[in-house]
>>> print(open('target23.txt').read())   # compact mmCIF, C-alpha atoms and all ligand atoms
# COMPACT_ATOMS: atom_id res chain seq x y z
CA MET X 94 42.18 131.81 60.50
CA LYS X 95 45.60 133.07 59.38
CA HIS X 96 47.38 132.78 62.75
CA THR X 97 49.26 135.98 62.26
CA GLY X 98 48.35 137.11 65.80
CA LEU X 99 47.33 140.47 64.30
CA ILE X 100 44.28 142.18 65.76
CA LEU X 101 42.80 145.45 64.55
CA GLY X 102 41.37 147.40 67.50
CA ILE X 103 38.67 150.06 67.14
CA GLU X 104 37.71 152.49 69.91
CA SER X 105 34.94 155.12 69.72
CA SER X 106 33.34 155.16 73.18
CA CYS X 107 33.74 158.87 73.92
CA ASP X 108 35.48 161.70 72.09
CA GLU X 109 38.38 159.91 70.44
CA THR X 110 38.15 157.88 67.23
CA ALA X 111 41.00 155.39 67.41
CA ALA X 112 42.31 152.36 65.55
CA ALA X 113 45.43 150.26 66.11
CA VAL X 114 47.05 147.05 64.98
CA VAL X 115 48.61 144.98 67.76
CA GLU X 116 50.38 141.64 67.42
CA ARG X 117 49.62 139.01 70.09
CA GLY X 118 48.57 141.64 72.64
CA ALA X 119 52.19 142.63 72.95
CA ARG X 120 53.56 144.60 69.99
CA THR X 121 51.94 147.75 68.68
CA LEU X 122 52.35 148.04 64.92
CA SER X 123 50.29 151.22 64.72
CA SER X 124 48.08 153.34 66.96
CA VAL X 125 46.10 156.21 65.49
CA VAL X 126 43.97 158.54 67.60
CA ALA X 127 41.79 161.29 66.09
CA SER X 128 40.85 163.61 68.90
CA GLN X 129 37.63 165.62 68.90
CA ILE X 130 38.93 168.07 71.50
CA ALA X 131 38.60 171.04 69.15
CA THR X 132 34.91 170.20 68.56
CA HIS X 133 33.96 169.90 72.22
CA ALA X 134 36.30 172.50 73.77
CA ARG X 135 33.93 175.42 73.24
CA TYR X 136 31.25 173.59 75.27
CA GLY X 137 33.68 172.62 78.05
CA GLY X 138 32.66 168.96 77.78
CA VAL X 139 31.69 166.21 75.36
CA VAL X 140 28.45 166.80 73.42
CA PRO X 141 27.16 163.29 72.54
CA GLU X 142 25.48 164.23 69.25
CA LEU X 143 28.60 165.99 68.01
CA ALA X 144 30.73 163.04 69.12
CA SER X 145 28.73 160.56 66.99
CA ARG X 146 28.94 162.83 63.98
CA GLU X 147 32.70 163.27 64.36
CA HIS X 148 33.19 159.50 64.75
CA LEU X 149 31.27 158.94 61.51
CA ARG X 150 33.54 161.37 59.77
CA ALA X 151 36.76 159.94 61.19
CA ILE X 152 36.28 156.18 61.42
CA VAL X 153 37.15 155.19 57.83
CA PRO X 154 40.33 157.31 57.47
CA VAL X 155 41.49 156.39 60.99
CA VAL X 156 41.19 152.64 60.35
CA GLU X 157 42.81 153.00 56.92
CA THR X 158 45.72 154.94 58.41
CA ALA X 159 46.20 152.37 61.19
CA LEU X 160 46.39 149.52 58.65
CA LYS X 161 48.70 151.51 56.37
CA GLU X 162 51.06 152.53 59.18
CA ALA X 163 51.21 148.92 60.34
CA GLY X 164 51.90 147.75 56.78
CA VAL X 165 49.06 145.27 57.13
CA ALA X 166 46.10 144.41 54.90
CA LEU X 167 42.68 143.43 56.24
CA ALA X 168 43.35 139.96 54.87
CA ASP X 169 46.34 139.58 57.23
CA LEU X 170 44.24 140.04 60.37
CA ASP X 171 43.11 137.30 62.73
CA ALA X 172 40.27 139.35 64.24
CA ILE X 173 38.74 142.79 64.72
CA ALA X 174 38.29 144.02 68.29
CA VAL X 175 35.91 146.81 69.18
CA THR X 176 34.83 148.62 72.35
CA SER X 177 31.24 147.59 73.10
CA GLY X 178 30.82 149.68 76.29
CA PRO X 179 30.69 151.52 78.59
CA GLY X 180 30.43 154.86 76.83
CA LEU X 181 28.12 157.03 74.75
CA ALA X 182 25.58 154.88 72.89
CA GLY X 183 25.75 156.71 69.56
CA ALA X 184 29.54 156.95 69.67
CA LEU X 185 29.97 153.25 70.49
CA LEU X 186 27.60 152.27 67.68
CA VAL X 187 29.79 153.91 65.04
CA GLY X 188 32.79 151.73 65.99
CA ILE X 189 30.73 148.57 66.45
CA THR X 190 28.87 148.92 63.15
CA TYR X 191 32.05 149.59 61.21
CA ALA X 192 33.89 146.71 62.90
CA LYS X 193 31.04 144.34 62.09
CA ALA X 194 30.87 145.48 58.46
CA LEU X 195 34.61 145.03 57.96
CA ALA X 196 34.56 141.66 59.69
CA PHE X 197 31.63 140.48 57.58
CA ALA X 198 33.35 141.48 54.36
CA GLU X 199 36.63 139.80 55.35
CA GLU X 200 35.09 136.81 57.16
CA LEU X 201 36.86 137.73 60.38
CA PRO X 202 35.63 137.21 63.94
CA VAL X 203 34.68 140.25 66.04
CA ILE X 204 35.84 140.50 69.65
CA ALA X 205 33.84 142.77 71.98
CA VAL X 206 36.03 144.56 74.52
CA ASN X 207 35.02 146.39 77.68
CA HIS X 208 36.60 149.85 77.63
CA LEU X 209 37.68 149.53 81.28
CA GLU X 210 39.40 146.24 80.59
CA GLY X 211 41.12 148.01 77.71
CA HIS X 212 42.54 150.63 80.10
CA ILE X 213 43.90 147.86 82.35
CA HIS X 214 45.48 146.11 79.38
CA ALA X 215 47.24 149.34 78.40
CA VAL X 216 49.57 148.68 81.36
CA LEU X 217 50.11 145.08 80.32
CA LEU X 218 50.80 146.06 76.72
CA ASP X 219 53.45 148.55 77.80
CA GLU X 220 55.04 146.05 80.14
CA ARG X 221 55.24 143.45 77.39
CA GLN X 222 56.57 145.94 74.89
CA GLN X 223 59.34 147.02 77.23
CA GLN X 224 60.24 143.43 78.00
CA ALA X 225 60.23 142.52 74.31
CA GLU X 226 62.54 145.45 73.53
CA MET X 227 64.91 144.32 76.26
CA ASN X 228 64.82 140.70 75.15
CA PRO X 229 63.69 140.37 71.52
CA THR X 230 64.87 136.79 71.05
CA LEU X 231 62.85 135.49 73.97
CA ALA X 232 59.82 137.51 72.90
CA ALA X 233 59.92 136.19 69.34
CA LYS X 234 60.02 132.58 70.49
CA THR X 235 57.33 132.73 73.12
CA THR X 236 53.90 131.30 72.41
CA THR X 237 52.51 130.83 75.93
CA PRO X 238 48.74 131.09 76.42
CA ARG X 239 48.90 134.52 78.04
CA GLY X 240 51.40 135.93 75.57
CA TRP X 241 55.00 136.89 76.03
CA GLY X 242 54.87 138.17 79.56
CA THR X 243 54.50 134.84 81.34
CA GLN X 244 57.97 133.68 80.36
CA LEU X 245 59.67 136.83 81.48
CA GLU X 246 61.29 136.99 84.85
CA MET X 247 59.03 139.62 86.29
CA GLY X 248 57.15 138.09 89.20
CA SER X 249 54.77 140.89 88.36
CA PHE X 250 51.09 141.78 88.20
CA GLU X 251 50.86 139.47 85.20
CA ASP X 252 51.16 136.46 87.43
CA GLU X 253 49.83 137.64 90.81
CA PRO X 254 46.73 139.49 92.00
CA ALA X 255 46.97 143.24 91.50
CA LEU X 256 44.91 146.22 92.56
CA ALA X 257 43.98 148.31 89.51
CA LEU X 258 42.73 151.89 89.70
CA VAL X 259 41.02 152.99 86.48
CA VAL X 260 40.73 156.74 86.73
CA SER X 261 39.47 158.77 83.80
CA GLY X 262 36.85 161.25 82.67
CA GLY X 263 34.06 158.70 82.95
CA HIS X 264 35.36 156.26 85.57
CA THR X 265 36.97 155.92 88.97
CA HIS X 266 36.99 152.20 89.64
CA LEU X 267 39.11 149.88 91.76
CA TYR X 268 39.46 146.25 90.66
CA LEU X 269 41.31 143.26 91.97
CA THR X 270 42.77 141.57 88.90
CA ARG X 271 43.74 137.90 88.95
CA PRO X 272 45.53 136.00 86.22
CA GLN X 273 43.76 133.03 84.67
CA LYS X 274 44.68 130.80 81.76
CA TYR X 275 43.76 133.46 79.23
CA GLY X 276 43.98 137.03 80.49
CA TRP X 277 42.62 138.16 83.83
CA THR X 278 39.45 138.10 85.92
CA TYR X 279 38.27 141.29 87.61
CA ARG X 280 36.56 141.86 90.93
CA LEU X 281 35.06 145.27 91.54
CA ILE X 282 36.38 146.58 94.87
CA GLY X 283 35.28 150.21 94.81
CA ARG X 284 34.14 153.04 92.61
CA THR X 285 32.76 156.55 92.59
CA LEU X 286 29.24 157.21 93.76
CA ASP X 287 28.94 160.31 91.62
CA ASP X 288 31.51 162.15 89.47
CA ALA X 289 34.65 160.50 88.15
CA ALA X 290 37.96 162.10 89.18
CA GLY X 291 38.59 163.29 85.59
CA GLU X 292 35.11 164.80 85.51
CA ALA X 293 36.01 166.82 88.63
CA TYR X 294 39.18 168.02 86.88
CA ASP X 295 37.18 169.01 83.81
CA LYS X 296 34.45 170.80 85.80
CA VAL X 297 36.90 172.70 88.02
CA ALA X 298 38.93 173.70 84.95
CA LYS X 299 35.74 174.94 83.28
CA LEU X 300 34.71 177.06 86.23
CA LEU X 301 38.20 178.59 86.38
CA GLY X 302 38.09 179.36 82.65
CA LEU X 303 40.76 176.85 81.70
CA GLY X 304 40.77 174.72 78.56
CA TYR X 305 39.10 171.38 77.88
CA PRO X 306 39.96 168.70 78.88
CA GLY X 307 40.85 170.21 82.23
CA GLY X 308 43.29 167.58 83.47
CA PRO X 309 46.35 168.68 81.49
CA TRP X 310 45.72 172.37 82.38
CA ILE X 311 45.38 171.72 86.09
CA ASP X 312 48.37 169.37 85.94
CA ALA X 313 50.53 172.08 84.34
CA LEU X 314 49.35 174.94 86.58
CA ALA X 315 49.40 173.07 89.90
CA THR X 316 53.23 173.06 89.85
CA PHE X 317 53.18 176.81 90.47
CA GLY X 318 50.77 176.91 93.41
CA ASN X 319 50.97 176.05 97.09
CA PRO X 320 49.01 172.81 97.64
CA LYS X 321 48.59 173.53 101.36
CA THR X 322 46.61 176.76 100.82
CA VAL X 323 43.08 175.29 100.81
CA PRO X 324 42.62 172.20 103.00
CA PHE X 325 39.93 170.40 100.96
CA THR X 326 38.54 167.37 102.71
CA PHE X 327 36.45 164.39 101.65
CA ALA X 328 33.51 163.25 103.74
CA GLN X 329 33.74 159.69 104.96
CA ILE X 330 31.31 157.53 103.00
CA LYS X 331 29.05 155.55 105.26
CA HIS X 332 27.19 152.41 104.36
CA LYS X 333 23.83 154.01 105.10
CA VAL X 334 24.35 156.73 102.53
CA HIS X 335 25.12 154.49 99.63
CA LEU X 336 22.74 151.70 100.53
CA HIS X 337 19.62 153.80 100.69
CA GLY X 338 19.52 154.99 97.13
CA LYS X 339 20.83 158.49 97.74
CA ALA X 340 23.64 158.20 95.24
CA PRO X 341 23.16 160.62 92.34
CA ARG X 342 22.20 158.95 89.11
CA THR X 343 25.26 159.42 86.93
CA LYS X 344 26.67 157.27 84.16
CA ALA X 345 29.28 155.84 86.51
CA ALA X 346 26.79 155.12 89.30
CA LYS X 347 24.72 152.91 87.00
CA THR X 348 27.50 150.57 85.96
CA ALA X 349 27.51 148.15 88.89
CA PRO X 350 25.75 147.41 92.17
CA ILE X 351 27.37 149.08 95.16
CA ALA X 352 25.57 147.35 98.02
CA ASP X 353 28.33 144.79 98.53
CA LEU X 354 31.26 147.15 98.32
CA ASP X 355 33.26 148.26 101.34
CA PRO X 356 32.46 151.97 101.84
CA ARG X 357 36.15 152.62 102.58
CA PHE X 358 36.82 152.02 98.90
CA LEU X 359 34.04 154.20 97.50
CA PHE X 360 34.85 157.63 96.06
CA SER X 361 32.86 160.83 95.73
CA PHE X 362 34.16 163.78 93.71
CA SER X 363 31.08 165.94 93.31
CA GLY X 364 31.60 167.68 96.68
CA ILE X 365 35.07 169.03 95.91
CA LYS X 366 33.81 170.71 92.74
CA THR X 367 31.19 172.57 94.83
CA ALA X 368 33.83 173.41 97.47
CA VAL X 369 36.06 174.91 94.76
CA LEU X 370 33.13 176.97 93.47
CA ARG X 371 32.37 178.22 96.99
CA TYR X 372 36.02 179.13 97.55
CA VAL X 373 36.12 181.02 94.24
CA GLU X 374 33.06 183.03 95.19
CA LEU X 375 34.10 183.76 98.80
CA ASN X 376 37.54 184.89 97.69
CA ASN X 377 36.46 186.87 94.63
CA LEU X 378 38.52 184.76 92.25
CA ARG X 379 36.11 185.08 89.31
CA GLU X 380 38.14 187.81 87.70
CA GLY X 381 39.96 186.72 84.58
CA VAL X 382 37.76 183.67 83.95
CA ALA X 383 36.36 185.07 80.71
CA GLU X 384 39.80 186.01 79.38
CA ARG X 385 41.23 182.63 80.30
CA SER X 386 38.30 180.87 78.61
CA ALA X 387 38.81 182.94 75.46
CA LYS X 388 42.54 182.11 75.43
CA ALA X 389 41.87 178.42 76.03
CA MET X 390 39.36 178.31 73.18
CA ALA X 391 41.87 180.01 70.94
CA GLY X 392 44.14 177.03 71.61
CA ALA X 393 46.61 178.66 74.04
CA LYS X 394 49.54 176.43 74.99
CA LEU X 395 49.86 174.91 78.45
CA PRO X 396 52.06 177.10 80.69
CA LYS X 397 55.61 175.83 81.20
CA THR X 398 57.17 178.52 83.37
CA LYS X 399 56.04 180.43 86.45
CA GLU X 400 55.82 183.57 84.27
CA ASP X 401 53.51 181.79 81.78
CA ALA X 402 51.35 180.57 84.66
CA LEU X 403 51.15 183.99 86.34
CA ALA X 404 50.26 185.61 83.04
CA LEU X 405 47.24 183.30 82.96
CA CYS X 406 46.15 183.12 86.61
CA PRO X 407 46.88 185.17 89.72
CA GLN X 408 48.74 183.39 92.53
CA PRO X 409 45.58 182.69 94.63
CA VAL X 410 44.09 180.77 91.66
CA LEU X 411 47.32 178.80 91.21
CA ASP X 412 47.21 177.98 94.94
CA LEU X 413 43.60 176.86 94.62
CA ILE X 414 44.46 174.64 91.63
CA ALA X 415 47.42 173.09 93.47
CA SER X 416 45.24 172.47 96.56
CA PHE X 417 42.49 170.85 94.47
CA GLN X 418 44.94 168.49 92.80
CA TYR X 419 46.71 167.70 96.07
CA ALA X 420 43.37 166.71 97.63
CA VAL X 421 42.14 164.59 94.69
CA VAL X 422 45.43 162.73 94.28
CA GLY X 423 45.63 162.23 98.07
CA ASN X 424 42.14 160.74 98.14
CA LEU X 425 42.85 158.38 95.22
CA LEU X 426 46.13 157.36 96.82
CA LYS X 427 44.72 156.71 100.28
CA LYS X 428 41.86 154.51 99.07
CA THR X 429 43.88 152.62 96.47
CA PHE X 430 46.65 151.63 98.87
CA ALA X 431 44.18 150.87 101.66
CA ALA X 432 42.37 148.49 99.28
CA ALA X 433 45.65 146.89 98.17
CA GLU X 434 46.66 146.35 101.77
CA SER X 435 43.30 145.00 102.81
CA LEU X 436 43.31 142.52 99.90
CA GLY X 437 46.97 141.61 100.22
CA ALA X 438 47.78 142.79 96.68
CA LYS X 439 51.50 143.32 96.11
CA HIS X 440 51.04 145.16 92.83
CA VAL X 441 49.20 148.38 92.04
CA LEU X 442 48.28 149.53 88.51
CA VAL X 443 46.96 153.00 87.72
CA THR X 444 45.47 153.67 84.31
CA GLY X 445 43.04 155.96 82.44
CA GLY X 446 43.37 159.63 81.48
CA VAL X 447 44.03 160.92 85.01
CA ALA X 448 46.94 158.45 85.31
CA ALA X 449 48.77 160.85 82.98
CA ASN X 450 48.94 163.30 85.89
CA ARG X 451 52.47 164.15 87.03
CA GLU X 452 51.71 164.61 90.73
CA LEU X 453 49.66 161.41 90.78
CA ARG X 454 52.56 159.43 89.29
CA GLU X 455 55.07 160.91 91.70
CA ARG X 456 53.02 160.39 94.83
CA PHE X 457 51.81 156.89 93.90
CA THR X 458 55.38 155.88 93.05
CA ALA X 459 56.69 157.19 96.38
CA GLU X 460 53.87 155.54 98.37
CA ALA X 461 54.40 152.20 96.59
CA ALA X 462 58.11 152.32 97.40
CA ARG X 463 57.32 153.15 101.04
CA ARG X 464 54.97 150.16 101.26
CA GLY X 465 57.16 147.78 99.26
CA VAL X 466 54.58 147.12 96.55
CA SER X 467 55.16 147.40 92.80
CA ILE X 468 53.51 150.16 90.81
CA ALA X 469 52.86 150.45 87.07
CA PHE X 470 51.33 153.09 84.81
CA PRO X 471 50.91 153.04 81.03
CA THR X 472 53.02 155.45 78.97
CA LEU X 473 51.32 158.83 78.57
CA ALA X 474 50.03 157.98 75.09
CA LEU X 475 48.38 154.79 76.37
CA SER X 476 46.91 156.45 79.50
CA THR X 477 44.21 158.32 77.62
CA ASP X 478 41.78 156.64 75.21
CA ASN X 479 43.38 154.68 72.38
CA ALA X 480 42.71 151.52 70.37
CA ALA X 481 45.98 149.68 71.05
CA MET X 482 44.66 148.86 74.53
CA ILE X 483 41.46 147.46 72.95
CA ALA X 484 43.40 145.22 70.55
CA ALA X 485 45.65 144.11 73.45
CA ALA X 486 42.69 143.26 75.70
CA ALA X 487 41.19 141.23 72.85
CA TRP X 488 44.20 138.92 72.55
CA PRO X 489 43.36 136.58 75.48
CA ARG X 490 39.74 136.50 74.28
CA PHE X 491 40.95 135.54 70.83
CA GLN X 492 43.04 132.73 72.32
CA ALA X 493 40.05 131.54 74.33
CA GLY X 494 37.84 131.69 71.22
CA GLU X 495 35.46 134.23 72.78
CA PHE X 496 33.93 135.90 69.77
CA ALA X 497 30.98 138.29 69.61
CA GLU X 498 27.58 137.31 68.25
CA SER X 499 26.50 139.00 65.04
CA ALA X 500 23.84 140.81 67.11
CA LEU X 501 26.56 142.66 69.10
CA SER X 502 25.38 146.14 70.00
CA ALA X 503 26.45 149.05 72.19
CA ASP X 504 26.08 148.68 75.94
CA PRO X 505 26.52 152.19 77.38
CA SER X 506 26.60 151.01 81.00
CA LEU X 507 28.51 147.75 80.54
CA ALA X 508 30.11 146.70 83.83
CA LEU X 509 33.44 144.94 84.23
CA GLY X 510 33.90 141.92 86.45
CA VAL X 511 31.75 140.98 89.40
O1 LIG B 601 40.77 157.85 79.62
P1 LIG B 601 40.31 159.13 79.01
O2 LIG B 601 41.02 159.61 77.78
O3 LIG B 601 38.79 159.05 78.64
C1 LIG B 601 37.82 158.43 79.43
O4 LIG B 601 37.70 157.17 79.35
O5 LIG B 601 37.17 159.18 80.17
O6 LIG B 601 40.37 160.22 80.17
C2 LIG B 601 40.08 161.58 79.93
C3 LIG B 601 40.14 162.30 81.26
C4 LIG B 601 39.67 163.75 81.22
O7 LIG B 601 38.79 163.98 82.29
C5 LIG B 601 40.96 164.53 81.39
O8 LIG B 601 40.77 165.80 82.02
C6 LIG B 601 41.78 163.61 82.26
O9 LIG B 601 41.50 162.31 81.77
N1 LIG B 601 43.22 163.86 82.12
C7 LIG B 601 44.00 164.26 83.16
C8 LIG B 601 45.30 164.46 82.62
N2 LIG B 601 45.27 164.17 81.28
C9 LIG B 601 43.98 163.80 80.99
N3 LIG B 601 43.72 164.47 84.44
C10 LIG B 601 44.71 164.88 85.24
N4 LIG B 601 45.97 165.12 84.81
C11 LIG B 601 46.31 164.91 83.51
N5 LIG B 601 47.56 165.14 83.10
ZN ZN B 602 38.80 155.79 78.77
>>> encode(input="target23.txt", output="structure tokens", more="lines below")
Ligand code: KG4
Ligand code: ZN
Amino acid sequence: MKHTGLILGIESSCDETAAAVVERGARTLSSVVASQIATHARYGGVVPELASREHLRAIVPVVETALKEAGVALADLDAIAVTSGPGLAGALLVGITYAKALAFAEELPVIAVNHLEGHIHAVLLDERQQQAEMNPTLAAKTTTPRGWGTQLEMGSFEDEPALALVVSGGHTHLYLTRPQKYGWTYRLIGRTLDDAAGEAYDKVAKLLGLGYPGGPWIDALATFGNPKTVPFTFAQIKHKVHLHGKAPRTKAAKTAPIADLDPRFLFSFSGIKTAVLRYVELNNLREGVAERSAKAMAGAKLPKTKEDALALCPQPVLDLIASFQYAVVGNLLKKTFAAAESLGAKHVLVTGGVAANRELRERFTAEAARRGVSIAFPTLALSTDNAAMIAAAAWPRFQAGEFAESALSADPSLALGV
């Protein structure tokens, strides 16, 4: 062991091949993300077989670039961290196999990281980086078990229980995080019974002929619509429904048992997608879908002005988009803060691709201020999939000596916490 504190992170669970070098879970030396958006855009969603093939193509140059940008050789590393699940089996295997091969050659330990834990650590990494920039002397001296953050005067989610919402294309999960000697423990509080919030964004964008992934398009267009036009509602989830096996069998639904969860903290986003479709049909809003799809596939830029937006969609479509986003963000907000209140959590973290959403950040920030709780999001680059969050999440495991067995394999439905 070299005790450099340097961990190489590798992430390949979905449609991004990423590698990063992070020092002591707190300082990002490099973070490289090769996106496969162009490959999947024409299908309006991730095609697993294509994803594996693209990962195979990208993994070696991405890792080499991450090491080069960090100015680090493999021999300088303390460990290699890799996402072991949840995600697409074939995609995960590319990262795991490469991480194991590199580790074997360099006699380094491998640390298996849960992708969801990675998203949560993206917030922690940002927090530590900001603190270190503000106080470099303190940061350089600190060698506490949980990294730099514990010696900083934050009184933050690093030291107290926090409610974390992980909201992305594959997940909508609520966790109660608690600090322990090394890192955190996680208790599952709620999650989606069917589609993830990001999946709803992507499906609605697809049916409106917008580009893939849908989140950034809807985010950009919603600004120009009236969110009060279509009053989308969410059915209350009752115990009976989710306890009697009626939940659709999706990737997300398989990840953890739901019987013990409070139905107030369960989500369901498949209904709103159908409601949008019905609204489109009843109001004859199909026109222009083909042209928009063609533009999106040709790589059209996200609209910045009202004129750009109107050139793409008529006002009723903009109003529908704004109403959809208003409803989804409102639902996420209501359940997250209700869970925080019910559990007495004074800190709320929101992370994952959908946490990049402008309206979500504004409304969560305002609600947190109203309730007197702290709120934290990762920077935009760390909200969506990346490997810096994987290397950061591995740091407490490294300190605790939790290394993966040589038989480590992909676990597509790996759950986090209990
Ligand atoms: O975390 P991520 O990169 O991958 C998963 O782990 O799923 O999240 C991708 C998801 C996609 O569904 C995408 O549409 C959504 O995050 N997303 C957004 C925004 N940017 C990305 N959703 C809403 N607003 C955004 N600005
Ligand atoms: Zn993710």
>>> residues_near_ligand(input="target23.txt", ligand="ligand ZN 602 (chain B)", cutoff="8 Å", atoms="all atoms listed in the file", output="JSON, numbers by chain")
{"X": [106, 107, 208, 209, 212, 261, 262, 263, 264, 445, 446, 477, 478, 479]}
>>> residues_near_ligand(input="target23.txt", ligand="ligand LIG 601 (chain B)", cutoff="10 Å", atoms="all atoms listed in the file", output="PDB file with C-alpha atoms, in the coordinates of the input")
ATOM      1  CA  SER X 106      33.340 155.160  73.180  1.00  0.00           C
ATOM      2  CA  CYS X 107      33.740 158.870  73.920  1.00  0.00           C
ATOM      3  CA  ASP X 108      35.480 161.700  72.090  1.00  0.00           C
ATOM      4  CA  GLU X 109      38.380 159.910  70.440  1.00  0.00           C
ATOM      5  CA  SER X 128      40.850 163.610  68.900  1.00  0.00           C
ATOM      6  CA  GLY X 138      32.660 168.960  77.780  1.00  0.00           C
ATOM      7  CA  PRO X 179      30.690 151.520  78.590  1.00  0.00           C
ATOM      8  CA  GLY X 180      30.430 154.860  76.830  1.00  0.00           C
ATOM      9  CA  HIS X 208      36.600 149.850  77.630  1.00  0.00           C
ATOM     10  CA  LEU X 209      37.680 149.530  81.280  1.00  0.00           C
ATOM     11  CA  GLY X 211      41.120 148.010  77.710  1.00  0.00           C
ATOM     12  CA  HIS X 212      42.540 150.630  80.100  1.00  0.00           C
ATOM     13  CA  VAL X 259      41.020 152.990  86.480  1.00  0.00           C
ATOM     14  CA  VAL X 260      40.730 156.740  86.730  1.00  0.00           C
ATOM     15  CA  SER X 261      39.470 158.770  83.800  1.00  0.00           C
ATOM     16  CA  GLY X 262      36.850 161.250  82.670  1.00  0.00           C
ATOM     17  CA  GLY X 263      34.060 158.700  82.950  1.00  0.00           C
ATOM     18  CA  HIS X 264      35.360 156.260  85.570  1.00  0.00           C
ATOM     19  CA  THR X 265      36.970 155.920  88.970  1.00  0.00           C
ATOM     20  CA  ALA X 289      34.650 160.500  88.150  1.00  0.00           C
ATOM     21  CA  ALA X 290      37.960 162.100  89.180  1.00  0.00           C
ATOM     22  CA  GLY X 291      38.590 163.290  85.590  1.00  0.00           C
ATOM     23  CA  GLU X 292      35.110 164.800  85.510  1.00  0.00           C
ATOM     24  CA  ALA X 293      36.010 166.820  88.630  1.00  0.00           C
ATOM     25  CA  TYR X 294      39.180 168.020  86.880  1.00  0.00           C
ATOM     26  CA  ASP X 295      37.180 169.010  83.810  1.00  0.00           C
ATOM     27  CA  LYS X 296      34.450 170.800  85.800  1.00  0.00           C
ATOM     28  CA  VAL X 297      36.900 172.700  88.020  1.00  0.00           C
ATOM     29  CA  ALA X 298      38.930 173.700  84.950  1.00  0.00           C
ATOM     30  CA  GLY X 304      40.770 174.720  78.560  1.00  0.00           C
ATOM     31  CA  TYR X 305      39.100 171.380  77.880  1.00  0.00           C
ATOM     32  CA  PRO X 306      39.960 168.700  78.880  1.00  0.00           C
ATOM     33  CA  GLY X 307      40.850 170.210  82.230  1.00  0.00           C
ATOM     34  CA  GLY X 308      43.290 167.580  83.470  1.00  0.00           C
ATOM     35  CA  PRO X 309      46.350 168.680  81.490  1.00  0.00           C
ATOM     36  CA  TRP X 310      45.720 172.370  82.380  1.00  0.00           C
ATOM     37  CA  ILE X 311      45.380 171.720  86.090  1.00  0.00           C
ATOM     38  CA  ASP X 312      48.370 169.370  85.940  1.00  0.00           C
ATOM     39  CA  ALA X 313      50.530 172.080  84.340  1.00  0.00           C
ATOM     40  CA  GLN X 418      44.940 168.490  92.800  1.00  0.00           C
ATOM     41  CA  VAL X 421      42.140 164.590  94.690  1.00  0.00           C
ATOM     42  CA  VAL X 422      45.430 162.730  94.280  1.00  0.00           C
ATOM     43  CA  THR X 444      45.470 153.670  84.310  1.00  0.00           C
ATOM     44  CA  GLY X 445      43.040 155.960  82.440  1.00  0.00           C
ATOM     45  CA  GLY X 446      43.370 159.630  81.480  1.00  0.00           C
ATOM     46  CA  VAL X 447      44.030 160.920  85.010  1.00  0.00           C
ATOM     47  CA  ALA X 448      46.940 158.450  85.310  1.00  0.00           C
ATOM     48  CA  ALA X 449      48.770 160.850  82.980  1.00  0.00           C
ATOM     49  CA  ASN X 450      48.940 163.300  85.890  1.00  0.00           C
ATOM     50  CA  ARG X 451      52.470 164.150  87.030  1.00  0.00           C
ATOM     51  CA  GLU X 452      51.710 164.610  90.730  1.00  0.00           C
ATOM     52  CA  LEU X 453      49.660 161.410  90.780  1.00  0.00           C
ATOM     53  CA  ARG X 454      52.560 159.430  89.290  1.00  0.00           C
ATOM     54  CA  LEU X 473      51.320 158.830  78.570  1.00  0.00           C
ATOM     55  CA  ALA X 474      50.030 157.980  75.090  1.00  0.00           C
ATOM     56  CA  LEU X 475      48.380 154.790  76.370  1.00  0.00           C
ATOM     57  CA  SER X 476      46.910 156.450  79.500  1.00  0.00           C
ATOM     58  CA  THR X 477      44.210 158.320  77.620  1.00  0.00           C
ATOM     59  CA  ASP X 478      41.780 156.640  75.210  1.00  0.00           C
ATOM     60  CA  ASN X 479      43.380 154.680  72.380  1.00  0.00           C
TER      61      ASN X 479
END
>>> residues_around(input="target23.txt", residues="Arg385 (chain X)", least_positions_apart="5", cutoff="12 Å", atoms="only C-alpha atoms", output="list in words")
Ala298, Lys299, Leu300, Leu301, Gly302, Leu303, Gly304, Tyr305, Trp310, Arg379, Glu380, Met390, Ala391, Gly392, Ala393, Lys394, Leu395, Ala402, Leu403, Ala404, Leu405, Cys406, Pro407 and Val410 of chain X
>>> residues_near_point(input="target23.txt", point="(33.7, 140.6, 66.4)", cutoff="9 Å", atoms="only C-alpha atoms", output="number ranges by chain")
X: 172-175, 189, 192-193, 196, 201-205, 496-499, 501
>>> write_last_selection(input="target23.txt", atoms="C-alpha atoms", output="mmCIF file, in the frame of the given file")
data_model
loop_
_atom_site.group_PDB
_atom_site.id
_atom_site.type_symbol
_atom_site.label_atom_id
_atom_site.label_comp_id
_atom_site.auth_asym_id
_atom_site.auth_seq_id
_atom_site.Cartn_x
_atom_site.Cartn_y
_atom_site.Cartn_z
ATOM 1 C CA ALA X 172 40.270 139.350 64.240
ATOM 2 C CA ILE X 173 38.740 142.790 64.720
ATOM 3 C CA ALA X 174 38.290 144.020 68.290
ATOM 4 C CA VAL X 175 35.910 146.810 69.180
ATOM 5 C CA ILE X 189 30.730 148.570 66.450
ATOM 6 C CA ALA X 192 33.890 146.710 62.900
ATOM 7 C CA LYS X 193 31.040 144.340 62.090
ATOM 8 C CA ALA X 196 34.560 141.660 59.690
ATOM 9 C CA LEU X 201 36.860 137.730 60.380
ATOM 10 C CA PRO X 202 35.630 137.210 63.940
ATOM 11 C CA VAL X 203 34.680 140.250 66.040
ATOM 12 C CA ILE X 204 35.840 140.500 69.650
ATOM 13 C CA ALA X 205 33.840 142.770 71.980
ATOM 14 C CA PHE X 496 33.930 135.900 69.770
ATOM 15 C CA ALA X 497 30.980 138.290 69.610
ATOM 16 C CA GLU X 498 27.580 137.310 68.250
ATOM 17 C CA SER X 499 26.500 139.000 65.040
ATOM 18 C CA LEU X 501 26.560 142.660 69.100
#
